[in-house]
file start16.cif (mmCIF, C-alpha atoms)
data_run
#
loop_
_atom_site.label_atom_id
_atom_site.label_comp_id
_atom_site.auth_asym_id
_atom_site.auth_seq_id
_atom_site.Cartn_x
_atom_site.Cartn_y
_atom_site.Cartn_z
CA MET A 1 106.77 16.48 40.18
CA LEU A 2 103.32 14.96 40.30
CA PRO A 3 102.85 11.52 38.79
CA SER A 4 100.91 11.24 35.60
CA VAL A 5 97.38 10.06 36.23
CA SER A 6 94.46 9.40 33.95
CA LYS A 7 92.03 12.28 33.80
CA ALA A 8 89.08 10.07 34.65
CA ASN A 9 88.29 10.04 38.32
CA VAL A 10 86.25 6.88 37.90
CA PRO A 11 88.41 3.77 38.25
CA ASN A 12 89.11 1.94 35.04
CA ARG A 13 87.16 -1.27 35.42
CA ALA A 14 88.73 -2.82 32.37
CA ARG A 15 92.18 -2.88 33.96
CA ASN A 16 90.94 -5.10 36.69
CA HIS A 17 94.07 -6.49 38.24
CA ARG A 18 97.12 -4.32 38.12
CA SER A 19 100.42 -5.73 39.20
CA ALA A 20 102.15 -4.90 42.45
CA TRP A 21 104.70 -2.95 40.43
CA ASP A 22 101.90 -0.85 38.95
CA ALA A 23 100.40 -0.12 42.34
CA PHE A 24 103.66 0.55 44.10
CA ARG A 25 105.52 2.49 41.41
CA VAL A 26 104.44 5.94 42.56
CA PRO A 27 104.55 5.18 46.32
CA LEU A 28 108.07 3.84 45.89
CA LEU A 29 109.16 7.01 44.16
CA VAL A 30 107.54 9.17 46.87
CA GLY A 31 109.20 7.05 49.54
CA LEU A 32 112.64 7.42 47.97
CA VAL A 33 112.24 11.18 47.58
CA CYS A 34 111.25 11.45 51.26
CA ALA A 35 114.15 9.27 52.36
CA ALA A 36 116.52 11.54 50.41
CA GLY A 37 114.86 14.56 52.04
CA LEU A 38 115.35 13.13 55.51
CA GLY A 39 119.02 12.49 54.81
CA LEU A 40 119.91 15.67 52.94
CA ALA A 41 119.35 18.09 55.82
CA LEU A 42 121.56 15.88 58.00
CA VAL A 43 124.65 16.19 55.81
CA GLY A 44 124.73 19.93 55.34
CA ASP A 45 123.13 23.34 55.67
CA GLY A 46 121.97 25.89 53.13
CA ILE A 47 121.10 24.30 49.78
CA TRP A 48 120.83 20.87 51.41
CA ASP A 49 118.21 22.14 53.82
CA GLY A 50 116.28 23.69 50.94
CA LEU A 51 116.26 20.43 48.97
CA SER A 52 115.15 18.60 52.07
CA TRP A 53 112.17 20.96 52.57
CA LEU A 54 111.13 20.41 48.97
CA ALA A 55 111.48 16.64 49.12
CA LEU A 56 109.57 16.25 52.37
CA SER A 57 106.79 18.56 51.17
CA LEU A 58 105.95 16.01 48.46
CA PRO A 59 103.50 13.96 50.60
CA VAL A 60 101.74 17.16 51.65
CA ALA A 61 101.56 18.37 48.05
CA LEU A 62 100.17 15.02 46.87
CA ALA A 63 97.46 15.03 49.53
CA VAL A 64 96.43 18.60 48.70
CA PHE A 65 96.50 17.93 44.94
CA TYR A 66 94.40 14.76 44.99
CA TRP A 67 91.93 16.08 47.56
CA HIS A 68 91.45 19.21 45.54
CA ARG A 69 91.00 17.18 42.36
CA ALA A 70 88.44 14.89 43.97
CA GLY A 71 86.51 17.91 45.25
CA ARG A 72 86.48 19.57 41.84
CA SER A 73 84.99 16.57 40.06
CA HIS A 74 81.76 16.89 42.03
CA MET H 1 92.60 -18.62 46.92
CA VAL H 2 95.87 -18.76 48.87
CA GLN H 3 96.46 -15.14 47.99
CA ALA H 4 93.08 -14.05 49.34
CA ARG H 5 93.86 -15.81 52.60
CA THR H 6 97.28 -14.17 52.84
CA ILE H 7 95.73 -10.79 52.27
CA ARG H 8 93.09 -11.47 54.92
CA LEU H 9 95.84 -12.36 57.36
CA TRP H 10 97.81 -9.18 56.66
CA SER H 11 94.60 -7.20 56.91
CA ARG H 12 94.01 -8.67 60.34
CA VAL H 13 97.57 -7.89 61.39
CA HIS H 14 97.02 -4.30 60.25
CA THR H 15 93.73 -3.99 62.15
CA TRP H 16 94.99 -5.40 65.43
CA THR H 17 98.44 -3.81 65.57
CA SER H 18 96.79 -0.47 64.76
CA LEU H 19 94.16 -0.90 67.46
CA VAL H 20 96.79 -1.81 70.06
CA CYS H 21 98.94 1.28 69.52
CA MET H 22 96.22 3.70 68.36
CA LEU H 23 95.55 5.65 71.56
CA PHE H 24 99.22 6.03 72.40
CA LEU H 25 100.11 7.01 68.86
CA LEU H 26 97.39 9.65 68.88
CA MET H 27 98.77 10.98 72.17
CA LEU H 28 102.29 10.99 70.73
CA CYS H 29 101.22 12.80 67.56
CA VAL H 30 99.19 15.41 69.44
CA THR H 31 101.86 16.15 72.07
CA GLY H 32 104.56 15.92 69.42
CA LEU H 33 103.01 18.76 67.44
CA PRO H 34 103.90 21.55 69.94
CA LEU H 35 107.16 19.79 70.79
CA VAL H 36 108.37 20.24 67.20
CA PHE H 37 108.35 23.97 67.91
CA HIS H 38 109.56 23.81 71.52
CA ASP H 39 112.52 26.11 70.84
CA GLU H 40 110.27 28.78 69.38
CA ILE H 41 107.66 28.36 72.13
CA ASP H 42 110.32 28.52 74.85
CA ASP H 43 111.67 31.72 73.34
CA LEU H 44 108.19 33.16 73.34
CA LEU H 45 107.33 32.17 76.91
CA GLU H 46 110.65 32.90 78.55
CA ASP H 47 112.85 35.94 78.26
CA GLU H 48 116.01 35.09 76.44
CA ILE H 49 119.10 36.14 78.37
CA GLU H 50 121.50 38.09 76.21
CA ALA H 51 125.09 39.01 76.90
CA PRO H 52 125.52 42.80 77.24
CA ALA H 53 127.32 44.49 74.36
CA MET H 54 131.07 44.85 74.88
CA PRO H 55 133.92 45.71 72.56
CA GLU H 56 134.79 42.91 70.15
CA GLY H 57 137.47 40.65 71.52
CA THR H 58 136.83 41.33 75.20
CA PRO H 59 138.69 38.42 76.83
CA ARG H 60 136.78 35.72 78.68
CA LEU H 61 137.49 34.95 82.29
CA SER H 62 138.60 31.55 83.46
CA LEU H 63 135.83 28.96 83.79
CA ASP H 64 137.00 28.49 87.39
CA ARG H 65 135.79 32.02 88.08
CA MET H 66 132.30 31.01 86.86
CA ILE H 67 132.25 28.12 89.32
CA ALA H 68 133.45 30.40 92.13
CA ALA H 69 130.71 32.93 91.26
CA ALA H 70 128.05 30.20 91.34
CA GLN H 71 129.36 28.92 94.67
CA ALA H 72 129.30 32.47 96.06
CA ARG H 73 125.67 32.80 94.95
CA PHE H 74 124.65 29.46 96.51
CA PRO H 75 127.13 28.79 99.33
CA GLY H 76 127.44 25.15 100.35
CA GLN H 77 125.61 23.82 97.30
CA TYR H 78 127.03 21.47 94.68
CA VAL H 79 128.10 22.64 91.24
CA LEU H 80 127.06 19.87 88.85
CA LEU H 81 127.81 21.07 85.37
CA LEU H 82 128.80 23.94 83.20
CA ASN H 83 127.45 24.72 79.75
CA LEU H 84 129.34 26.86 77.26
CA LYS H 85 127.05 28.75 74.88
CA GLN H 86 128.44 28.49 71.36
CA THR H 87 126.89 31.62 69.90
CA GLU H 88 127.27 34.06 72.79
CA PRO H 89 129.81 34.68 75.59
CA LEU H 90 127.52 33.05 78.13
CA VAL H 91 128.09 30.20 80.52
CA THR H 92 125.33 28.41 82.41
CA VAL H 93 126.08 26.62 85.66
CA ALA H 94 123.77 24.04 87.25
CA VAL H 95 123.79 24.05 91.06
CA SER H 96 122.01 21.55 93.31
CA PRO H 97 121.41 21.47 97.08
CA THR H 98 122.19 17.73 97.10
CA ALA H 99 125.28 15.96 95.79
CA VAL H 100 123.10 13.69 93.64
CA PRO H 101 120.39 15.97 92.24
CA ALA H 102 116.73 15.09 92.42
CA PRO H 103 115.24 15.24 88.91
CA GLY H 104 114.60 18.88 87.97
CA ASN H 105 115.63 20.13 91.40
CA PHE H 106 118.55 22.39 90.55
CA HIS H 107 119.19 26.05 89.90
CA ARG H 108 120.54 27.16 86.57
CA LEU H 109 122.64 30.30 86.64
CA THR H 110 123.52 32.19 83.49
CA LEU H 111 126.80 34.09 83.73
CA ASP H 112 128.60 36.54 81.51
CA ALA H 113 131.75 34.71 80.40
CA ARG H 114 133.72 37.97 80.41
CA THR H 115 132.76 39.37 83.81
CA ALA H 116 131.34 36.39 85.75
CA ASP H 117 128.27 38.57 86.49
CA VAL H 118 125.12 36.58 87.17
CA LEU H 119 122.75 37.61 84.36
CA GLY H 120 119.91 35.23 85.09
CA GLU H 121 118.77 32.68 87.56
CA GLU H 122 116.34 29.93 86.82
CA ALA H 123 114.74 28.31 89.83
CA PRO H 124 113.60 24.71 89.57
CA HIS H 125 110.23 24.77 87.83
CA GLN H 126 108.18 22.89 85.32
CA GLY H 127 106.90 24.86 82.37
CA VAL H 128 104.01 23.82 80.14
CA MET H 129 106.41 22.42 77.56
CA ASP H 130 108.19 20.34 80.21
CA ILE H 131 104.87 18.75 81.08
CA VAL H 132 104.03 18.11 77.41
CA LEU H 133 107.49 16.57 76.99
CA ARG H 134 107.03 14.29 80.02
CA ILE H 135 103.70 13.04 78.67
CA HIS H 136 105.24 12.46 75.24
CA LYS H 137 108.35 10.80 76.64
CA ASP H 138 107.11 8.55 79.45
CA MET H 139 103.56 9.62 80.48
CA PHE H 140 105.01 10.51 83.92
CA ALA H 141 105.79 6.82 84.45
CA GLY H 142 109.60 7.04 84.27
CA LEU H 143 111.68 4.43 82.53
CA PRO H 144 108.89 1.79 82.39
CA GLY H 145 106.65 4.34 80.69
CA GLU H 146 109.41 5.20 78.26
CA LEU H 147 110.06 1.56 77.37
CA PHE H 148 106.32 0.92 77.04
CA LEU H 149 106.02 3.73 74.49
CA GLY H 150 109.04 2.22 72.73
CA ALA H 151 107.15 -1.07 72.48
CA MET H 152 104.15 0.82 71.09
CA GLY H 153 106.54 2.28 68.49
CA LEU H 154 107.47 -1.26 67.43
CA VAL H 155 103.81 -2.26 67.17
CA PHE H 156 103.26 0.88 65.09
CA ALA H 157 106.07 -0.20 62.75
CA VAL H 158 104.34 -3.57 62.22
CA SER H 159 101.09 -1.74 61.59
CA ILE H 160 102.78 0.44 58.95
CA ILE H 161 104.37 -2.56 57.19
CA SER H 162 101.10 -4.51 57.13
CA GLY H 163 99.37 -1.36 55.94
CA VAL H 164 101.73 -1.17 52.97
CA VAL H 165 101.03 -4.84 52.17
CA VAL H 166 97.24 -4.42 52.15
CA TYR H 167 97.58 -1.19 50.12
CA TRP H 168 98.00 -3.28 46.99
CA PRO H 169 94.71 -5.24 47.05
CA PHE H 170 92.87 -1.98 47.70
CA MET H 171 94.54 -0.19 44.84
CA ARG H 172 94.33 -2.99 42.29
CA ARG H 173 91.52 -1.23 40.45
CA LEU H 174 92.46 2.35 41.23
CA ASP H 175 94.99 4.87 40.03
CA PHE H 176 97.36 6.32 42.58
CA GLY H 177 95.69 9.09 44.55
CA THR H 178 92.11 8.23 43.53
CA ILE H 179 89.54 9.50 46.02
CA ARG H 180 86.05 8.27 45.16
CA ARG H 181 84.19 11.23 46.53
CA ARG H 182 80.83 10.41 45.07
CA SER H 183 80.69 7.09 46.86
CA SER H 184 79.80 6.56 50.51
CA PRO H 185 81.76 8.47 53.17
CA ARG H 186 83.38 5.21 54.12
CA VAL H 187 84.83 4.69 50.65
CA LYS H 188 85.95 8.30 50.56
CA TRP H 189 87.75 7.97 53.87
CA LEU H 190 89.20 4.62 52.86
CA ASP H 191 90.74 6.26 49.80
CA SER H 192 92.05 9.16 51.87
CA HIS H 193 93.46 6.78 54.48
CA ASN H 194 95.27 4.89 51.72
CA LEU H 195 96.60 8.00 50.00
CA LEU H 196 97.83 9.78 53.13
CA GLY H 197 99.14 6.57 54.64
CA ILE H 198 101.18 5.51 51.65
CA ALA H 199 102.45 9.05 50.96
CA THR H 200 103.78 9.55 54.50
CA VAL H 201 105.05 6.00 55.01
CA THR H 202 108.80 6.79 54.89
CA TRP H 203 108.45 9.67 57.31
CA THR H 204 106.22 7.82 59.82
CA MET H 205 108.52 4.80 59.70
CA VAL H 206 111.65 6.90 60.32
CA VAL H 207 110.10 9.06 63.05
CA GLY H 208 108.51 6.01 64.67
CA LEU H 209 111.65 3.90 64.72
CA THR H 210 113.96 6.73 65.80
CA GLY H 211 111.47 7.53 68.56
CA MET H 212 111.66 3.92 69.63
CA ILE H 213 115.47 4.09 69.66
CA ASN H 214 115.26 7.25 71.80
CA THR H 215 113.30 5.36 74.44
CA LEU H 216 116.38 3.17 74.86
CA ALA H 217 118.65 6.16 75.62
CA THR H 218 118.78 5.66 79.39
CA PRO H 219 119.51 1.92 79.31
CA LEU H 220 122.07 2.38 76.52
CA PHE H 221 123.94 5.12 78.39
CA ASP H 222 123.87 3.02 81.56
CA LEU H 223 125.22 0.07 79.61
CA TRP H 224 128.12 2.11 78.25
CA ARG H 225 128.81 3.62 81.66
CA ALA H 226 128.79 0.17 83.23
CA GLN H 227 131.35 -1.02 80.69
CA LEU H 228 133.54 2.05 80.85
CA ILE H 229 133.56 3.55 84.33
CA PRO H 230 134.60 0.53 86.46
CA VAL H 231 137.79 0.15 84.41
CA LEU H 232 138.59 3.84 84.74
CA LEU H 233 137.82 3.86 88.44
CA ALA H 234 139.81 0.75 89.33
CA PRO H 235 142.91 2.73 90.43
CA HIS H 236 140.76 5.04 92.59
CA LEU H 237 138.77 2.35 94.39
CA GLY H 238 137.40 3.44 97.77
CA LYS H 239 138.17 7.13 97.34
CA PRO H 240 135.47 9.73 97.98
CA VAL H 241 134.20 11.92 95.13
CA ALA H 242 137.13 14.05 93.99
CA PRO H 243 137.06 17.82 94.55
CA ILE H 244 136.62 19.99 91.48
CA PRO H 245 140.03 20.60 89.89
CA SER H 246 140.76 23.55 87.59
CA VAL H 247 138.10 23.28 84.90
CA GLN H 248 139.80 25.90 82.76
CA ALA H 249 143.05 23.89 82.71
CA ALA H 250 141.19 20.71 81.80
CA VAL H 251 139.27 22.41 78.99
CA GLU H 252 142.47 23.94 77.62
CA LEU H 253 144.12 20.53 77.74
CA VAL H 254 141.27 18.99 75.76
CA ARG H 255 141.31 21.86 73.24
CA ALA H 256 145.06 21.42 72.71
CA ARG H 257 144.79 17.67 72.27
CA PHE H 258 141.68 17.79 70.03
CA PRO H 259 141.86 21.12 68.16
CA ASP H 260 139.04 20.19 65.74
CA ARG H 261 136.46 19.65 68.47
CA LEU H 262 134.32 22.25 70.25
CA VAL H 263 133.82 22.03 74.01
CA THR H 264 130.11 22.24 74.82
CA SER H 265 129.87 21.38 78.51
CA VAL H 266 131.76 20.06 81.51
CA THR H 267 130.39 17.67 84.14
CA MET H 268 132.00 17.95 87.59
CA PRO H 269 133.12 14.86 89.50
CA THR H 270 129.90 13.33 90.81
CA ALA H 271 128.48 10.15 92.24
CA ALA H 272 125.40 10.64 90.04
CA ARG H 273 124.91 8.48 86.97
CA PHE H 274 125.62 11.29 84.49
CA GLY H 275 129.29 11.57 85.39
CA SER H 276 132.27 9.96 87.07
CA PRO H 277 133.34 10.46 90.71
CA GLN H 278 137.01 10.80 89.76
CA HIS H 279 136.87 12.63 86.43
CA LEU H 280 135.82 15.86 84.85
CA VAL H 281 133.76 14.94 81.81
CA VAL H 282 134.47 17.44 79.05
CA TRP H 283 131.79 17.04 76.34
CA THR H 284 132.85 17.97 72.84
CA LYS H 285 131.17 18.09 69.45
CA GLY H 286 132.39 18.21 65.87
CA ALA H 287 132.45 21.39 63.79
CA THR H 288 130.47 20.22 60.71
CA PRO H 289 126.64 20.03 60.69
CA PHE H 290 126.79 16.24 60.80
CA THR H 291 129.59 15.78 63.36
CA ALA H 292 128.01 18.49 65.55
CA ARG H 293 125.42 15.79 66.31
CA MET H 294 128.13 13.47 67.53
CA LEU H 295 128.99 14.24 71.12
CA GLN H 296 132.20 12.77 72.44
CA PRO H 297 133.06 12.91 76.14
CA MET H 298 136.70 13.37 77.18
CA LEU H 299 137.41 12.23 80.71
CA VAL H 300 140.05 14.25 82.52
CA ASP H 301 141.38 12.69 85.71
CA ALA H 302 140.25 14.97 88.55
CA ASN H 303 143.15 13.94 90.79
CA ASP H 304 146.06 14.94 88.57
CA GLY H 305 144.12 17.18 86.15
CA LYS H 306 146.25 15.86 83.29
CA THR H 307 145.37 12.36 82.16
CA ILE H 308 142.79 12.44 79.35
CA VAL H 309 140.81 9.40 78.34
CA ALA H 310 138.87 9.73 75.08
CA PRO H 311 136.69 6.62 75.14
CA GLU H 312 135.42 5.37 71.82
CA VAL H 313 131.69 5.97 71.52
CA PRO H 314 130.09 2.58 70.80
CA TRP H 315 127.95 2.09 67.69
CA TYR H 316 124.70 1.96 69.61
CA LEU H 317 125.27 5.42 71.05
CA THR H 318 126.22 6.76 67.62
CA THR H 319 122.94 5.32 66.31
CA LEU H 320 121.13 7.01 69.20
CA GLN H 321 122.76 10.35 68.45
CA VAL H 322 121.86 10.18 64.76
CA SER H 323 118.30 9.13 65.55
CA ARG H 324 117.67 12.16 67.75
CA PRO H 325 117.46 14.84 65.02
CA LEU H 326 115.57 12.43 62.76
CA HIS H 327 112.92 12.13 65.45
CA PHE H 328 112.77 15.80 66.48
CA GLY H 329 112.99 17.33 62.99
CA ASP H 330 115.13 20.14 64.38
CA TYR H 331 118.01 19.86 61.95
CA GLY H 332 116.90 21.92 58.98
CA GLY H 333 115.61 25.24 60.24
CA LEU H 334 112.04 26.43 60.77
CA PRO H 335 110.75 25.32 57.32
CA LEU H 336 111.69 21.73 58.13
CA LYS H 337 109.81 22.01 61.43
CA ILE H 338 106.74 23.26 59.57
CA VAL H 339 106.94 20.31 57.15
CA TRP H 340 107.39 18.05 60.20
CA ALA H 341 104.21 19.46 61.73
CA LEU H 342 102.24 19.03 58.47
CA LEU H 343 103.35 15.40 58.18
CA ASP H 344 102.38 14.92 61.82
CA VAL H 345 98.89 16.29 61.10
CA MET H 346 98.63 13.94 58.09
CA THR H 347 99.55 11.04 60.38
CA ILE H 348 96.81 12.10 62.82
CA ILE H 349 94.32 12.04 59.91
CA VAL H 350 95.52 8.54 58.96
CA LEU H 351 95.06 7.36 62.55
CA VAL H 352 91.60 8.87 63.00
CA SER H 353 90.35 7.70 59.60
CA GLY H 354 91.69 4.26 60.48
CA ILE H 355 89.57 4.15 63.66
CA TYR H 356 86.57 5.42 61.71
CA LEU H 357 86.99 2.72 59.05
CA TRP H 358 87.30 0.02 61.68
CA ALA H 359 84.19 1.23 63.51
CA ALA H 360 82.21 1.63 60.27
CA ARG H 361 83.13 -1.88 59.15
CA ARG H 362 82.13 -3.39 62.47
CA ARG H 363 78.78 -1.65 62.32
CA SER H 364 78.06 -2.81 58.79
CA SER H 365 79.34 -6.36 59.18
CA VAL H 366 76.98 -6.87 62.14
CA ARG H 367 74.06 -5.91 59.92
CA ARG H 368 75.23 -7.74 56.84
CA LYS H 369 74.49 -11.33 55.89
CA PRO H 370 77.30 -13.80 56.64
CA LEU H 371 77.90 -14.57 52.94
CA ASP H 372 78.39 -10.92 52.12
CA ALA H 373 80.63 -10.35 55.12
CA GLY H 374 82.86 -13.18 53.99
CA ARG H 375 83.24 -11.62 50.61
CA THR H 376 84.14 -8.27 52.09
CA ALA H 377 86.81 -9.83 54.23
CA ALA H 378 88.28 -11.58 51.21
CA ILE H 379 89.05 -8.30 49.53
CA GLY H 380 90.39 -7.01 52.77
CA VAL H 381 87.94 -4.16 53.44
#

call {"tool": "encode", "arguments": {"input": "start16.cif", "output": "structure tokens"}}
result
Amino acid sequence: MLPSVSKANVPNRARNHRSAWDAFRVPLLVGLVCAAGLGLALVGDGIWDGLSWLALSLPVALAVFYWHRAGRSH
Amino acid sequence: MVQARTIRLWSRVHTWTSLVCMLFLLMLCVTGLPLVFHDEIDDLLEDEIEAPAMPEGTPRLSLDRMIAAAQARFPGQYVLLLNLKQTEPLVTVAVSPTAVPAPGNFHRLTLDARTADVLGEEAPHQGVMDIVLRIHKDMFAGLPGELFLGAMGLVFAVSIISGVVVYWPFMRRLDFGTIRRRSSPRVKWLDSHNLLGIATVTWTMVVGLTGMINTLATPLFDLWRAQLIPVLLAPHLGKPVAPIPSVQAAVELVRARFPDRLVTSVTMPTAARFGSPQHLVVWTKGATPFTARMLQPMLVDANDGKTIVAPEVPWYLTTLQVSRPLHFGDYGGLPLKIVWALLDVMTIIVLVSGIYLWAARRRSSVRRKPLDAGRTAAIGV
């Protein structure tokens, strides 16, 4: 579920200017998943609600994951 | 160099739109947090009225008996509306001392639908959650307050869009989710602001815009009423408010004509803006999770008790009805509400870190040499 990221926490100075596509690839995916999550619970109950909880938890999971990772690299 | 200037412009748009709506957005996020759970909190604070156990299939009395019971309890007062509980054999009746009720100034009686016994009586009062809701909705400033918060919602939308635009220049050298913890606190918070902001962007945009649409509820309903009611009332011009006809007969008529719709409530003939002086308004909803959100009023002529008008709900009210659950987050059970609250907390962190970054930049740019400050602005920090 989590996007692949380089292990190094230090930014890669060599890849100085990444394209907009590069920068927005993951956010776009997260945005689409959230949009699906917002819509799914509207159309039905049961399994649809469950999928919606999962989808909308993605931003929370990302924040926890990256914060935790940044803390560990101390 | 054109690009650097464009980025600087967007950066400025982001700074200023954020500053304009910041305080109100913080208030909305903080008051919104308990409001997400208002059902649960209400249950906790107030005793839920339950229908006494009776053999399965005990027949319900006529709705007219409920109205008679309410009138017997409050003689001479006006019965305004009747709510049919979907899950239990309970009916609530709202009674007001004045024909046109003052906001919040009515009694709510809960009756057993099978015996017409009064099970509970709720005097006019304002609970803690009502106060939180008023602050969130209009800051106790009525319609102007509501519309003002709607405008703040629009400014917030611009702030979000500009925030997405300036996300790119910040992230040009960084992987998604990078938080440079070993750098200064400002850099750390900048990275967190970017990560949380971009991760929640769909949710904040949807909740913000649907909230803005909700602020238009009163004007939109008035608009529809202004288009609809005069035509319907033309044949009754000059007549006083009609007496209450048989509500049970009207509800049965609606059920027979629209068997796939559930009757949720009935508004008595009234001069107030929530009804019609010559009609019973029978509110119905659909039976599927989605159509249950779509309320459709059926107007039954109060003079003959027979003529039903099922006005088509205009698109702007359909939009309003869909935008309600999307703003409240109350359409997917308790887990969805918890996710809603977590996303709300993340938004609060984005807002507060945004203020911090703005303040920290101002402090440092005052100290810094002009040349350096110019360079900072060019990369949009």

call {"tool": "interface_residues", "arguments": {"input": "start16.cif", "of": "chain A", "to": "chain H", "cutoff": "6 Å", "atoms": "only C-alpha atoms", "output": "list in words"}}
result
Pro11, Asn16, His17, Arg18, Gly31, Ala41, Leu42, Val43, Gly44, Asp49, Trp53, Pro59, Tyr66 and Ala70 of chain A

call {"tool": "atom_distance", "arguments": {"input": "start16.cif", "atom1": "CA of Cys29 in chain H", "atom2": "CA of His136 in chain H"}}
result
8.7 Å

call {"tool": "atom_distance", "arguments": {"input": "start16.cif", "atom1": "CA of Met268 in chain H", "atom2": "CA of Leu280 in chain H"}}
result
5.1 Å

call {"tool": "atom_distance", "arguments": {"input": "start16.cif", "atom1": "CA of Val254 in chain H", "atom2": "CA of Val281 in chain H"}}
result
10.5 Å

call {"tool": "closest_residue", "arguments": {"input": "start16.cif", "among": "H:Leu357, H:Leu119, H:Ile308, H:Val93", "to": "Leu232 in chain H", "atoms": "all atoms listed in the file"}}
result
H:Ile308

call {"tool": "closest_residue", "arguments": {"input": "start16.cif", "among": "H:Leu81, H:Ala157, H:Ala113, H:Ala69", "to": "Met54 in chain H", "atoms": "only C-alpha atoms"}}
result
H:Ala113

call {"tool": "closest_residue", "arguments": {"input": "start16.cif", "among": "H:Thr204, H:Val300, H:Phe156, H:Phe221", "to": "Val313 in chain H", "atoms": "all atoms listed in the file"}}
result
H:Phe221

call {"tool": "resolve_selection", "arguments": {"input": "start16.cif", "expression": "the PyMOL selection byres ((chain H and resi 210) around 8)", "output": "list in words"}}
result
Val206, Val207, Gly208, Leu209, Gly211, Met212, Ile213, Asn214, Leu320, Ser323, Arg324, Leu326 and His327 of chain H

call {"tool": "write_last_selection", "arguments": {"input": "start16.cif", "atoms": "C-alpha atoms", "output": "CSV table (one decimal), keeping the file's coordinate frame"}}
result
chain,number,residue,atom,x,y,z
H,206,VAL,CA,111.6,6.9,60.3
H,207,VAL,CA,110.1,9.1,63.0
H,208,GLY,CA,108.5,6.0,64.7
H,209,LEU,CA,111.6,3.9,64.7
H,211,GLY,CA,111.5,7.5,68.6
H,212,MET,CA,111.7,3.9,69.6
H,213,ILE,CA,115.5,4.1,69.7
H,214,ASN,CA,115.3,7.2,71.8
H,320,LEU,CA,121.1,7.0,69.2
H,323,SER,CA,118.3,9.1,65.6
H,324,ARG,CA,117.7,12.2,67.8
H,326,LEU,CA,115.6,12.4,62.8
H,327,HIS,CA,112.9,12.1,65.4

call {"tool": "residues_around", "arguments": {"input": "start16.cif", "residues": "Thr15 in chain H", "least_positions_apart": "2", "cutoff": "9 Å", "atoms": "all atoms listed in the file", "output": "compact mmCIF listing (two decimals) with C-alpha atoms, in the frame of the given file"}}
result
# COMPACT_ATOMS: atom_id res chain seq x y z
CA TRP H 10 97.81 -9.18 56.66
CA SER H 11 94.60 -7.20 56.91
CA ARG H 12 94.01 -8.67 60.34
CA VAL H 13 97.57 -7.89 61.39
CA THR H 17 98.44 -3.81 65.57
CA SER H 18 96.79 -0.47 64.76
CA LEU H 19 94.16 -0.90 67.46
CA VAL H 20 96.79 -1.81 70.06
CA SER H 159 101.09 -1.74 61.59
CA SER H 162 101.10 -4.51 57.13
CA GLY H 163 99.37 -1.36 55.94
CA GLY H 354 91.69 4.26 60.48
CA TRP H 358 87.30 0.02 61.68
